[in-house]
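Undergrad: Please find one structure pasted underneath; my questions will follow.
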Amino acid sequence: MRGGRVSAPELVTLTVDEVEVTVPKGTGLVEAALAAGIEIPVFCYEPRLGPPVGACRMCLCEVAPGPPKPQAACTLAAADGMVVKTARTSAMAAEAQNATLEFILVNHPLDCPVCDKGGECPLQDLTFRYGPGNTRMVFPKRTFEKPIPISPTIALDRERCILCYRCTRFSESVAEDGQLVAVNRGALTTIATFEDEPYRAPFSGNVIELCPVGALTSTQYRFEARPWEIQNVPTVCGLCPVGCNVSATTREGRVKRILSRNHPEVDGGWLCDKGRFAFGHLRARDRIEDPLRRAGRRRFEALSWADALDELERLLRAGGSSTVTALSGSETVEQAYALGKLLRQGLGAHTAVLPEEVPDALDAFRAPLSAIRDAPAVVVLCDEPVAERAPIVDLWIKAARRRGARILTEIPEEPLEGAVLVSDDAARCAWFARDLGAAAAFYLPRTPNGRGVADAWSAAADGEPGDEEPRLLVVSRELAAADPSVRALARRAEAVVGIGMFEDTFRGLCDLVLPGTSYLERDGTTVNLEGRLQRQRRAVIAPCPDELAWIARLAERFGVELSPHASVVFEEVSARCYGGIGFGDVGERTPLPARAESRAPVAAPASAPLPDGEGLRLVTYRPLFSGAAVERTPELQFMRPDGEVELAPDDARARGIRTGDPVTVSSNGTSRELRARVARDLAPGLVRIPRDDAAGLHDVVEVSGRA
Amino acid sequence: MGARAMLLAGTEGRDLTRLEEYRAIGGYAQVPKARAMSSDDLIAELQAATLRGRGGAGFPMGRKASLIDRGSPRPKYLVVNADESEPGAFKDRQVMAEVPHRLIEGCLIAAHAIEAKDVFVYIRGEYLAEYEILQRAVDEARAAGLLGDVDVTVYRGAGAYVCGEETALLDSLEGRRGQPRPRPPFPPVQGLYDAPTQVNNVCTIATVPAVLELGAAEFAKIGAESSPGTAIFSISGNVVRPGNYELELGTPMRELIYDWAGGIPDGRELKAVIPGGSSVPALTPDQIDVPLDYDSLGALGTFFGAASLIVVDDRCCMVQLALRSTKFYMHESCGKCTPCREGTRWMVQLLERIEAGTAARSDLDLLRSVGDRILGKVLCALGEFAVYPVRSYLDHWEDEFVAHLERGGCPFAGESSLEGIVAPSDAHARHAAAEVPA
Amino acid sequence: MTGGDVARFAEEVRALAARFPDARSATIPALRLAQERHGWLPPEAFREVADALGLTPAYCHAVASFYDMFHLAPVGRHLVEVCTNLSCALSGAQRVVDAFEAELGVRPGETTEDGEITFRTVECLGGCGYATVVAIDNRYRQHVKAEDVPQIVEAVRGR
């Protein structure tokens with residue numbers, strides 16, 4: 001993205017195992033060999049973790065020119081005329097790799113039969129191909145207490161650890177949380193957290209996937225499956241607007257784990273812990289499997305599908321064009337379209353509460369998320385922490401900083417060549433993208449598929465919204481049901497229909513609830529914050545019928561033609577707003593649509609003035625580790641915010657407050673007792689509190705320490 | 001050949017830790033001379049002197065300076081390796097304790113050669129007295145305006161042998177666990193804080209003023225042809241007068257052991273000499289007529305190393321010597337690369353079994369094989385330092401190893417000079433679960 | 001440490017950090033400073049150093065645990081360390097160790113019951129020509145013989 005500079009890379013030609021291969025200069029030998037179709041085995045090498053460290057010595061090869069001993073190929077770059085011999089053609093390399101494996105195995109417990117990694121373990125695979133077939137080690141192996149829970153989601157087996165330092169490098173150099181470290185020295189080295197405190201950081205689960213042995217395992221997946229019993233379904237996470245590409249591992253119709261599936265432009269192969277661990281919500285205690293009807297103030301009773309559809313039809317006819325739809329932004333494009341078509345074309349009910357307003361003007365600044373990493377400067381205009389809204393974006397920004405980019409949290413005085421803008425405010429994002437001449441701009445929406453839902457709703461239009469007082473309110477999914485403005489609307493409506501997964505969310509709110517599917521249980525498409533269409537696939541069968549199936553049946557009763565198949569529904573939407581691309585074209589690695597040449601006018605955003613005097617402006621946010629799915633995943637409870645208020649360093653110092661201090665936050669007679677955290681990324685004059693902890697507080701608050 | 005004071009010149013009867021005393025013998029006179037020269041000329045002069053690194057590898061100091069990427073927009077750094085931790089070596093300590101200003105003078109000249117404005121002296125943490133002396137000398141020199149626009153920072157390590165390896169030293173100096181880095185990139189291109197960095201041993205840098213004072217041509221005439229100059233030889237173990245002796249390079253080893261250090265005490269017989277610190281292959285009594293210089297020792301299959309001789313007499317059991325030595329390298333292995341971390345521990349286990357007399361003949365082959373599998377495959381030389389001496393003991397004294405097996409125990413029967421040697425108590429015993437089972 | 005002490009410590013550490021191109025370089029000096037204050041490195045010491053330098057306590061612990069001179073468990077008021085590496089061992093260091101064990105009534109790695117003296121055997125201290133080397137609170141005593149040990153212990157206890 002850097003100014004669109006195009007220069008042909010200098011090429012070099014080298015020989016790997018007698019195969020000549022030409023690669024760009026600077027290509028690592030591991031990649032160069034791969035280009036020749038030859039494997040150089042590795043454990044510690046992982047380019048996404050930063051420069052190579054040359055620790056494990058698995059990649060030893062014979063390299064000329066060079067000293068007459070095996071070289072760590074992972075630390076060398078391809079050069080013209082270089083001759084590389086791997087274990088296939090060099091006795092020296094074969095002996096070296098065999099030696100490395102022998103040394104790794106002298107203290108590895110070989111408890112493979114009961115190891116979760118067994119069958120998908122690089123150590124097994126490389127030993128099979130390059131290792132010794134016997135052991136000469138007859139002494140007691142190192143023993144440790146095992147497994148140790150380093151958090152409720154991750155177990156550590158120190159005996160299996162081969163000290164490749166992938167996990168600690170991830171913690172230090174990718175997530176930058178600095179919590180997982182190597183302690184002690186030499187043969188006594190172990191991986192540890194500080195004082196055995198839980199590894200509490202939003203990306204911790206990536207270390208499980210990085211571990212090349214069974215040292216770091218998922219507590220959720222422990223003893224749950226053998227690799228030959230599972231299926232991995234490629235899909236896209238539905239829990240935030242990034243849409244990380246994932247694989248859902250299933251066994252006997254149940255999701256057992258979620259793995260990242262590297263999309264180099266979207267997620268770089270990383271996944272946040274919500275996306276990884278929150279699938280437990282599929283089997284929540286209050287999961288709705290049958291239609292429910294109000295049977296008391298806070299009680300539901302189940303009813304048959306036939307009765308439910310009759311009841312719904314009756315409510316819809318009564319609501320007529322005065323039916324208002326509250327969409328959450330967590331529906332697929334197809335679900336939102338089907339609902340829109342039924343309500344708009346069947347009832348003339350054009351009024352909707354949409355989750356997001358994304359200015360078209362931003363389409364002119366479209367770019368892959370990876371453009372953040374490559375930018376010379378990143379302007380982050382966010383009141384909310386980036387990681388709480390769109391976690392992976394935070395990793396891209398950190399990657400940019402490590403590459404030397406300037407990271408600004410205020411609007412620069414002068415335009416910055418090639419700068420990329422990231423903002424949690426759509427209007428400000430659109431305005432400053434143009435004002436700064438940004439190379440790319442990313443608005444971080446609040447909901448996973450707000451854009452796709454808005455697209456679909458408008459694609460279903462055959463009329464304009466009026467100013468309807470809601471007679472019937474349709475509340476689609478938990479995010480909408482939790483929205484205070486939707487709840488206010490519900491109080492004015494004569495009847496409320498809900499669609500969703502969890503009974504507790506809709507209790508007391510709805511007269512009729514239809515069961516909803518999870519993103520892991522449905523087929524369809526979503527639009528992420530880049531504007532990229534991505535494909536969700538059904539990994540497991542839902543405990544209830546698919547939404548499209550019953551919406552289609554209902555549509556028939558209103559004379560609206562609607563397919564129950566996502567592929568057909570998508571093509572209808574696509575013809576109207578996605579240039580007619582086919583469902584099958586929204587593949588596993590969807591390309592980003594081209595930039596729009598938008599000249600749409602953009603309004604200057606209103607700026608929130610900082611309060612005068614002692615007060616601080618309160619910013620509330622919905623934390624990443626909150627919401628219906630997280631609440632229903634026992635292993636993630638420790639990640640939920642714990643009554644913290646964030647202060648800018650200057651404001652904290654002025655009040656004599658340090659991280660961890662108990663403080664009182666108050667405004668107009670309401671006060672909350674919270675713990676302070678000094679946040680270096682917060683602008684002076686602001687305080688930040690998770691929404692649930694800020695109940696009753698006004699926009700301007702005072703913070704004071706408690707002795 | 002023989003004694004010649006260069007590094008330690010003037011210490012006789014004078015307290016050269018004091019600035020005025022050092023200046024009285026012409027100290028710091030070479031700094032203005034160097035600063036009047038261009039960097040290129042100064043580097044050329046150092047190259048012409050063939051001043052070989054005194055830290056162990058013997059790489060010519062001037063050549064090292066010429067590799068510095070002076071065109072880099074980043075700052076350049078000079079780092080002095082004062083982490084002297086090689087068992088047998090205690091020469092740098094004496095230089096810092098007795099002629100700290102000579103070291104500082106050398107720093108200022110070398111810094112000028114590579115256009116560095118920051119010098120870091122990384123001194124091992126245990127050398128507290130030497131740190132204090134050196135720090136006081138730096139303060140004195142600064143107060144006297146001798147540093148000019150160069151700053152010298154004395155940085156204390158905290159107890160880790162591996163930090164004597166130059167890239168581990170740089171990581172430690174950056175505030176990290178001191179673990180070696182892969183090379184390339186080499187420090188002259190990407191060293192401290194990723195900037196071009198020259199790393200030299202204390203004695204190398206402290207010799208630089210003499211090179212300028214004498215001129216490269218004169219300097220090159222001193223000592224051995226391929227290794228000019230003097231070296232401070234540390235000699236310890238079973239000799240009558242252990243200590244440091246500054247001699248011209250090329251002095252015969254026999255002269256050092258028998259004339260300077262007084263030979264073997266108590267009428268015992270010489271059994272072995274480990275010539276470069278405990279990490280190098282040992283020599284047998286019939287090999288000690290070798291001149292003490294890099295190439296002559298190299299020709300015998302050993303190393304000049306840290307110019308530190310450990311003399312071993314006939315009371316010593318070579319299996320115990322091997323075991324004690326290997327325990328040290330196991331203790332100091334940083335844990336980064338697999339062969340060193342796992343191999344040194346395996347070697348200790350094997351040697352313990354041999355010493356106990358419960359090993360089989362095949363265990364000797366296994367010990368050799370484990371060593372072979374470490375050599376040439378490690379990230380830095382530490383793992384090889386564990387292997388070199390042990391392999392030489394096996395080669396020269398194999399009958400003694402075999403005697404342990406045949407006798408079912410140590411043939412010295414409790415009379416070895418190393419009997420009952422102990423390994424260091426675990427500094428971090430808090431992690432009891434991590435104890436190495438013997 | 002009290003709140004004021006912590007603030008002063010943080011100031012001192014930041015002053016240390018200012019002497020380096022990268023503040024991280026102050027980690028080892030800051031840990032040493034913390035150890036001087038606490039006598040060893042308790043968990044709060046890592047928090048204090050981490051806070052002052054913008055690092056994590058885990059990172060500071062990782063660094064400290066790499067180096068032998070940092071104490072991750074409480075030690076006595078005084079530290080007695082005997083070199084047992086080759087040159088000292090060839091010259092009788094083991095007899096010096098035995099003498100300290102007898103005099104102090106503890107094994108290497110242990111602290112006397114009164115909490116006064118921690119006794120350790122250590123690797124080469126760089127005094128090979130002056131064996132046996134004993135470091136008492138980081139100050140070297142050289143040419144130590146077994147018979148010197150009672151007097152050394154008495155002097156240490158008298159401090």
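By convention here, the chains of the structure tokens are called A, B, ... in the order presented, each chain's residues are numbered starting at 1, and ligands are numbered starting at 1 in the order presented.
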Within 6 Å of chain C, which residues of chain B show up when using only C-alpha atoms, listed as a PDB file with N, CA and C atoms, in the first residue's frame?
TA:
```pdb
ATOM      1  N   PRO B  87      36.483 -20.818  33.005  1.00  0.00           N
ATOM      2  CA  PRO B  87      37.278 -21.373  34.099  1.00  0.00           C
ATOM      3  C   PRO B  87      38.756 -21.403  33.720  1.00  0.00           C
ATOM      4  N   GLY B  88      39.573 -20.830  34.574  1.00  0.00           N
ATOM      5  CA  GLY B  88      41.010 -20.744  34.297  1.00  0.00           C
ATOM      6  C   GLY B  88      41.445 -19.342  33.936  1.00  0.00           C
ATOM      7  N   PHE B  90      41.646 -15.246  34.379  1.00  0.00           N
ATOM      8  CA  PHE B  90      41.485 -14.141  35.327  1.00  0.00           C
ATOM      9  C   PHE B  90      42.373 -12.963  34.948  1.00  0.00           C
ATOM     10  N   ALA B 158      25.016 -10.330  35.514  1.00  0.00           N
ATOM     11  CA  ALA B 158      24.380 -10.811  36.740  1.00  0.00           C
ATOM     12  C   ALA B 158      24.593 -12.314  36.930  1.00  0.00           C
ATOM     13  N   GLY B 159      25.643 -12.853  36.321  1.00  0.00           N
ATOM     14  CA  GLY B 159      25.946 -14.252  36.572  1.00  0.00           C
ATOM     15  C   GLY B 159      25.430 -15.181  35.508  1.00  0.00           C
ATOM     16  N   ALA B 160      26.098 -15.209  34.371  1.00  0.00           N
ATOM     17  CA  ALA B 160      25.755 -16.153  33.304  1.00  0.00           C
ATOM     18  C   ALA B 160      26.961 -16.240  32.370  1.00  0.00           C
ATOM     19  N   LEU B 173      22.878  -7.091  27.408  1.00  0.00           N
ATOM     20  CA  LEU B 173      23.031  -5.631  27.489  1.00  0.00           C
ATOM     21  C   LEU B 173      21.740  -4.916  27.090  1.00  0.00           C
ATOM     22  N   GLU B 174      20.955  -5.555  26.265  1.00  0.00           N
ATOM     23  CA  GLU B 174      19.657  -4.977  25.893  1.00  0.00           C
ATOM     24  C   GLU B 174      18.589  -5.277  26.941  1.00  0.00           C
ATOM     25  N   GLY B 175      18.963  -5.936  28.025  1.00  0.00           N
ATOM     26  CA  GLY B 175      18.004  -6.180  29.092  1.00  0.00           C
ATOM     27  C   GLY B 175      17.216  -7.457  28.915  1.00  0.00           C
ATOM     28  N   ARG B 176      17.809  -8.416  28.218  1.00  0.00           N
ATOM     29  CA  ARG B 176      17.104  -9.677  27.966  1.00  0.00           C
ATOM     30  C   ARG B 176      17.832 -10.832  28.632  1.00  0.00           C
ATOM     31  N   ARG B 177      17.231 -12.023  28.506  1.00  0.00           N
ATOM     32  CA  ARG B 177      17.945 -13.240  28.852  1.00  0.00           C
ATOM     33  C   ARG B 177      19.114 -13.348  27.883  1.00  0.00           C
ATOM     34  N   SER B 236      46.940 -21.658  36.385  1.00  0.00           N
ATOM     35  CA  SER B 236      46.368 -22.061  37.666  1.00  0.00           C
ATOM     36  C   SER B 236      46.329 -23.569  37.751  1.00  0.00           C
ATOM     37  N   GLY B 237      45.877 -24.067  38.853  1.00  0.00           N
ATOM     38  CA  GLY B 237      45.848 -25.513  39.065  1.00  0.00           C
ATOM     39  C   GLY B 237      47.088 -25.939  39.821  1.00  0.00           C
ATOM     40  N   PRO B 242      50.971 -20.091  40.864  1.00  0.00           N
ATOM     41  CA  PRO B 242      49.905 -19.733  39.920  1.00  0.00           C
ATOM     42  C   PRO B 242      49.750 -18.221  39.867  1.00  0.00           C
ATOM     43  N   GLY B 243      49.196 -17.730  38.794  1.00  0.00           N
ATOM     44  CA  GLY B 243      48.969 -16.277  38.693  1.00  0.00           C
ATOM     45  C   GLY B 243      48.986 -15.833  37.244  1.00  0.00           C
ATOM     46  N   SER B 417      42.539 -35.828  43.344  1.00  0.00           N
ATOM     47  CA  SER B 417      42.523 -34.450  43.840  1.00  0.00           C
ATOM     48  C   SER B 417      41.148 -33.814  43.679  1.00  0.00           C
ATOM     49  N   LEU B 418      40.339 -34.357  42.832  1.00  0.00           N
ATOM     50  CA  LEU B 418      39.003 -33.785  42.635  1.00  0.00           C
ATOM     51  C   LEU B 418      37.934 -34.552  43.411  1.00  0.00           C
ATOM     52  N   ILE B 421      34.221 -33.429  44.455  1.00  0.00           N
ATOM     53  CA  ILE B 421      33.894 -32.100  43.912  1.00  0.00           C
ATOM     54  C   ILE B 421      32.397 -31.951  43.820  1.00  0.00           C
ATOM     55  N   PRO B 424      27.695 -26.560  41.386  1.00  0.00           N
ATOM     56  CA  PRO B 424      27.132 -25.379  42.029  1.00  0.00           C
ATOM     57  C   PRO B 424      25.749 -25.691  42.577  1.00  0.00           C
ATOM     58  N   SER B 425      25.462 -25.172  43.754  1.00  0.00           N
ATOM     59  CA  SER B 425      24.116 -25.353  44.280  1.00  0.00           C
ATOM     60  C   SER B 425      23.177 -24.542  43.404  1.00  0.00           C
ATOM     61  N   ALA B 427      21.040 -22.077  41.966  1.00  0.00           N
ATOM     62  CA  ALA B 427      20.741 -20.713  42.398  1.00  0.00           C
ATOM     63  C   ALA B 427      19.244 -20.487  42.499  1.00  0.00           C
TER      64      ALA B 427
END
```
Undergrad: I need the contact residues of chain B against chain A, so if you could list those with any atom within 10 Å, counting only C-alpha atoms, and return them as an NGL selection string, that would help.
TA: :B and (160 or 177-185 or 329-346 or 349-350 or 353 or 363 or 366 or 369-370 or 372-379 or 427-428 or 431-438)
Undergrad: I need the chain A residues near chain C as a PDB file with C-alpha atoms, in the first residue's frame; criterion: at most 12 Å, counting only C-alpha atoms.
TA:
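See result-v3.pdb below for the written result:
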```pdb
ATOM      1  CA  THR A 168       6.883 -17.107  24.249  1.00  0.00           C
ATOM      2  CA  ARG A 169       7.822 -15.342  21.021  1.00  0.00           C
ATOM      3  CA  SER A 171       3.434 -13.572  23.595  1.00  0.00           C
ATOM      4  CA  GLU A 172       6.329 -11.132  23.363  1.00  0.00           C
ATOM      5  CA  GLU A 176       2.866  -8.170  22.945  1.00  0.00           C
ATOM      6  CA  ASP A 177       1.165  -9.205  26.153  1.00  0.00           C
ATOM      7  CA  GLY A 178       4.455 -10.328  27.715  1.00  0.00           C
ATOM      8  CA  GLN A 179       2.751 -12.876  29.927  1.00  0.00           C
ATOM      9  CA  LEU A 180       4.038 -16.233  28.726  1.00  0.00           C
ATOM     10  CA  VAL A 181       7.778 -16.454  29.235  1.00  0.00           C
ATOM     11  CA  ALA A 182      10.665 -18.859  29.549  1.00  0.00           C
ATOM     12  CA  VAL A 183      12.127 -19.003  33.046  1.00  0.00           C
ATOM     13  CA  ASN A 184      15.365 -20.481  34.372  1.00  0.00           C
ATOM     14  CA  ARG A 185      18.239 -21.547  32.165  1.00  0.00           C
ATOM     15  CA  GLY A 186      19.580 -24.488  30.233  1.00  0.00           C
ATOM     16  CA  ALA A 187      18.005 -27.877  30.838  1.00  0.00           C
ATOM     17  CA  LEU A 188      15.969 -26.359  33.662  1.00  0.00           C
ATOM     18  CA  THR A 189      14.216 -23.895  31.378  1.00  0.00           C
ATOM     19  CA  THR A 190      10.437 -24.034  31.514  1.00  0.00           C
ATOM     20  CA  ILE A 191       7.567 -22.071  30.069  1.00  0.00           C
ATOM     21  CA  ALA A 192       5.640 -20.155  32.716  1.00  0.00           C
ATOM     22  CA  THR A 193       3.364 -17.297  33.582  1.00  0.00           C
ATOM     23  CA  PHE A 194       4.186 -14.888  36.380  1.00  0.00           C
ATOM     24  CA  GLU A 195       3.516 -16.527  39.750  1.00  0.00           C
ATOM     25  CA  ASP A 196       1.360 -19.142  38.022  1.00  0.00           C
ATOM     26  CA  GLU A 197      -1.276 -16.481  37.413  1.00  0.00           C
ATOM     27  CA  PRO A 198      -3.597 -17.300  34.501  1.00  0.00           C
ATOM     28  CA  TYR A 199      -2.457 -16.271  31.032  1.00  0.00           C
ATOM     29  CA  ARG A 653      -0.887  10.973  37.908  1.00  0.00           C
ATOM     30  CA  GLY A 656      -2.299  10.096  42.494  1.00  0.00           C
ATOM     31  CA  ILE A 657      -3.862   6.945  41.104  1.00  0.00           C
ATOM     32  CA  ARG A 658      -1.901   3.854  40.066  1.00  0.00           C
ATOM     33  CA  THR A 659      -2.913   0.682  38.277  1.00  0.00           C
ATOM     34  CA  GLY A 660      -4.747  -1.589  40.678  1.00  0.00           C
ATOM     35  CA  ASP A 661      -5.847   1.182  43.046  1.00  0.00           C
ATOM     36  CA  ARG A 677      -5.886   0.817  35.223  1.00  0.00           C
ATOM     37  CA  VAL A 678      -3.571   3.329  33.623  1.00  0.00           C
ATOM     38  CA  ALA A 679      -3.944   2.982  29.853  1.00  0.00           C
ATOM     39  CA  ARG A 680      -1.176   4.445  27.721  1.00  0.00           C
ATOM     40  CA  ALA A 707      -7.409   5.438  50.683  1.00  0.00           C
TER      41      ALA A 707
END
```
Undergrad: DSSP on the backbone: what in range 223-452 of chain A comes out strand (DSSP E), as a VMD selection string?
TA: chain A and resid 231 to 236 245 to 251 254 to 260 292 to 294 300 to 302 323 to 326 351 to 353 377 to 381 406 to 408 420 to 423 440 to 443
Undergrad: Since we have the selection now, will you write its residues out, keeping N, CA and C atoms, as a short mmCIF file (atom, residue, chain, number, x, y, z; two decimals), in the first residue's frame?
TA:
```
data_model
loop_
_atom_site.label_atom_id
_atom_site.label_comp_id
_atom_site.auth_asym_id
_atom_site.auth_seq_id
_atom_site.Cartn_x
_atom_site.Cartn_y
_atom_site.Cartn_z
N GLN A 231 -13.58 -34.06 11.70
CA GLN A 231 -13.65 -33.37 10.42
C GLN A 231 -13.38 -31.90 10.68
N ASN A 232 -12.64 -31.27 9.78
CA ASN A 232 -12.40 -29.85 9.91
C ASN A 232 -13.18 -29.12 8.83
N VAL A 233 -14.10 -28.28 9.26
CA VAL A 233 -14.95 -27.57 8.31
C VAL A 233 -14.44 -26.15 8.16
N PRO A 234 -14.05 -25.74 6.95
CA PRO A 234 -13.56 -24.37 6.77
C PRO A 234 -14.72 -23.39 6.82
N THR A 235 -14.67 -22.43 7.71
CA THR A 235 -15.74 -21.44 7.79
C THR A 235 -15.15 -20.12 8.27
N VAL A 236 -16.03 -19.21 8.67
CA VAL A 236 -15.60 -17.87 9.08
C VAL A 236 -16.25 -17.57 10.42
N ASN A 245 -10.87 -16.23 9.43
CA ASN A 245 -11.09 -17.51 8.80
C ASN A 245 -10.72 -18.61 9.78
N VAL A 246 -11.61 -19.57 9.92
CA VAL A 246 -11.38 -20.62 10.91
C VAL A 246 -11.73 -21.99 10.33
N SER A 247 -11.26 -23.00 11.03
CA SER A 247 -11.73 -24.36 10.78
C SER A 247 -12.45 -24.81 12.04
N ALA A 248 -13.63 -25.34 11.86
CA ALA A 248 -14.35 -25.89 13.01
C ALA A 248 -14.12 -27.40 13.00
N THR A 249 -13.50 -27.89 14.08
CA THR A 249 -13.28 -29.33 14.20
C THR A 249 -14.51 -29.96 14.82
N THR A 250 -15.08 -30.94 14.13
CA THR A 250 -16.28 -31.59 14.66
C THR A 250 -16.04 -33.07 14.80
N ARG A 251 -16.75 -33.63 15.76
CA ARG A 251 -16.73 -35.08 15.93
C ARG A 251 -18.14 -35.48 16.36
N ARG A 254 -20.68 -32.70 16.86
CA ARG A 254 -20.45 -31.64 17.83
C ARG A 254 -19.18 -30.88 17.48
N VAL A 255 -19.22 -29.57 17.73
CA VAL A 255 -17.99 -28.79 17.56
C VAL A 255 -17.09 -29.08 18.75
N LYS A 256 -15.83 -29.44 18.44
CA LYS A 256 -14.89 -29.78 19.51
C LYS A 256 -13.85 -28.69 19.72
N ARG A 257 -13.54 -27.97 18.67
CA ARG A 257 -12.57 -26.88 18.81
C ARG A 257 -12.66 -26.01 17.56
N ILE A 258 -12.12 -24.82 17.68
CA ILE A 258 -12.01 -23.92 16.53
C ILE A 258 -10.53 -23.63 16.32
N LEU A 259 -10.07 -23.77 15.09
CA LEU A 259 -8.69 -23.46 14.75
C LEU A 259 -8.65 -22.30 13.78
N SER A 260 -7.54 -21.57 13.79
CA SER A 260 -7.40 -20.50 12.80
C SER A 260 -7.15 -21.14 11.43
N LEU A 292 -41.23 -20.86 21.22
CA LEU A 292 -41.69 -20.59 22.59
C LEU A 292 -42.77 -19.50 22.56
N ARG A 293 -43.72 -19.65 23.46
CA ARG A 293 -44.80 -18.66 23.58
C ARG A 293 -44.81 -18.19 25.02
N ARG A 294 -45.10 -16.91 25.21
CA ARG A 294 -45.17 -16.36 26.56
C ARG A 294 -46.25 -17.10 27.35
N PHE A 300 -41.91 -19.02 29.56
CA PHE A 300 -42.29 -19.44 28.21
C PHE A 300 -42.83 -20.86 28.25
N GLU A 301 -43.60 -21.20 27.22
CA GLU A 301 -43.92 -22.61 27.02
C GLU A 301 -43.65 -22.97 25.56
N ALA A 302 -43.24 -24.19 25.34
CA ALA A 302 -42.93 -24.61 23.98
C ALA A 302 -44.22 -24.83 23.20
N THR A 323 -45.27 -3.07 11.23
CA THR A 323 -44.31 -3.98 11.85
C THR A 323 -42.91 -3.35 11.69
N VAL A 324 -42.20 -3.31 12.81
CA VAL A 324 -40.83 -2.77 12.79
C VAL A 324 -39.87 -3.92 13.08
N THR A 325 -38.76 -3.93 12.33
CA THR A 325 -37.80 -5.02 12.48
C THR A 325 -36.50 -4.49 13.08
N ALA A 326 -36.08 -5.10 14.17
CA ALA A 326 -34.78 -4.74 14.77
C ALA A 326 -33.78 -5.83 14.42
N THR A 351 -39.93 -0.48 7.85
CA THR A 351 -39.15 0.18 8.91
C THR A 351 -38.28 -0.83 9.64
N ALA A 352 -37.02 -0.48 9.75
CA ALA A 352 -36.10 -1.38 10.45
C ALA A 352 -35.16 -0.57 11.33
N VAL A 353 -34.75 -1.18 12.42
CA VAL A 353 -33.66 -0.64 13.21
C VAL A 353 -32.42 -1.40 12.76
N ALA A 377 2.47 4.82 8.51
CA ALA A 377 1.86 5.47 9.67
C ALA A 377 0.43 4.99 9.79
N VAL A 378 -0.02 4.84 11.02
CA VAL A 378 -1.39 4.42 11.28
C VAL A 378 -2.01 5.42 12.24
N VAL A 379 -3.13 6.00 11.83
CA VAL A 379 -3.84 6.94 12.69
C VAL A 379 -5.02 6.19 13.30
N VAL A 380 -5.01 6.06 14.62
CA VAL A 380 -6.05 5.29 15.30
C VAL A 380 -6.96 6.26 16.04
N LEU A 381 -8.13 6.52 15.46
CA LEU A 381 -9.08 7.43 16.10
C LEU A 381 -10.19 6.60 16.75
N ARG A 406 4.75 4.87 12.38
CA ARG A 406 4.28 5.78 13.45
C ARG A 406 2.84 5.43 13.74
N ILE A 407 2.51 5.35 15.02
CA ILE A 407 1.13 5.10 15.41
C ILE A 407 0.64 6.37 16.10
N LEU A 408 -0.34 7.01 15.53
CA LEU A 408 -0.87 8.25 16.12
C LEU A 408 -2.26 7.99 16.65
N VAL A 420 -2.64 5.03 7.11
CA VAL A 420 -3.87 4.25 7.16
C VAL A 420 -4.65 4.69 8.39
N LEU A 421 -5.96 4.83 8.21
CA LEU A 421 -6.81 5.31 9.28
C LEU A 421 -7.65 4.17 9.83
N VAL A 422 -7.74 4.12 11.15
CA VAL A 422 -8.60 3.14 11.82
C VAL A 422 -9.47 3.91 12.80
N SER A 423 -10.79 3.73 12.71
CA SER A 423 -11.64 4.49 13.63
C SER A 423 -12.87 3.68 14.02
N ALA A 440 -5.68 4.19 3.11
CA ALA A 440 -6.75 3.24 3.35
C ALA A 440 -7.42 3.65 4.65
N ALA A 441 -8.68 3.26 4.80
CA ALA A 441 -9.38 3.58 6.04
C ALA A 441 -10.24 2.40 6.43
N PHE A 442 -10.27 2.13 7.73
CA PHE A 442 -11.06 1.02 8.25
C PHE A 442 -11.97 1.54 9.36
N TYR A 443 -13.25 1.41 9.13
CA TYR A 443 -14.19 1.66 10.21
C TYR A 443 -14.42 0.34 10.93
#
```
Undergrad: Given only C-alpha atoms as the basis, pick out the residue of C:Ala34, C:Ala15, C:Val106, C:Val153 nearest to His78 in chain C.
TA: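 Closest candidate: C:Val153.
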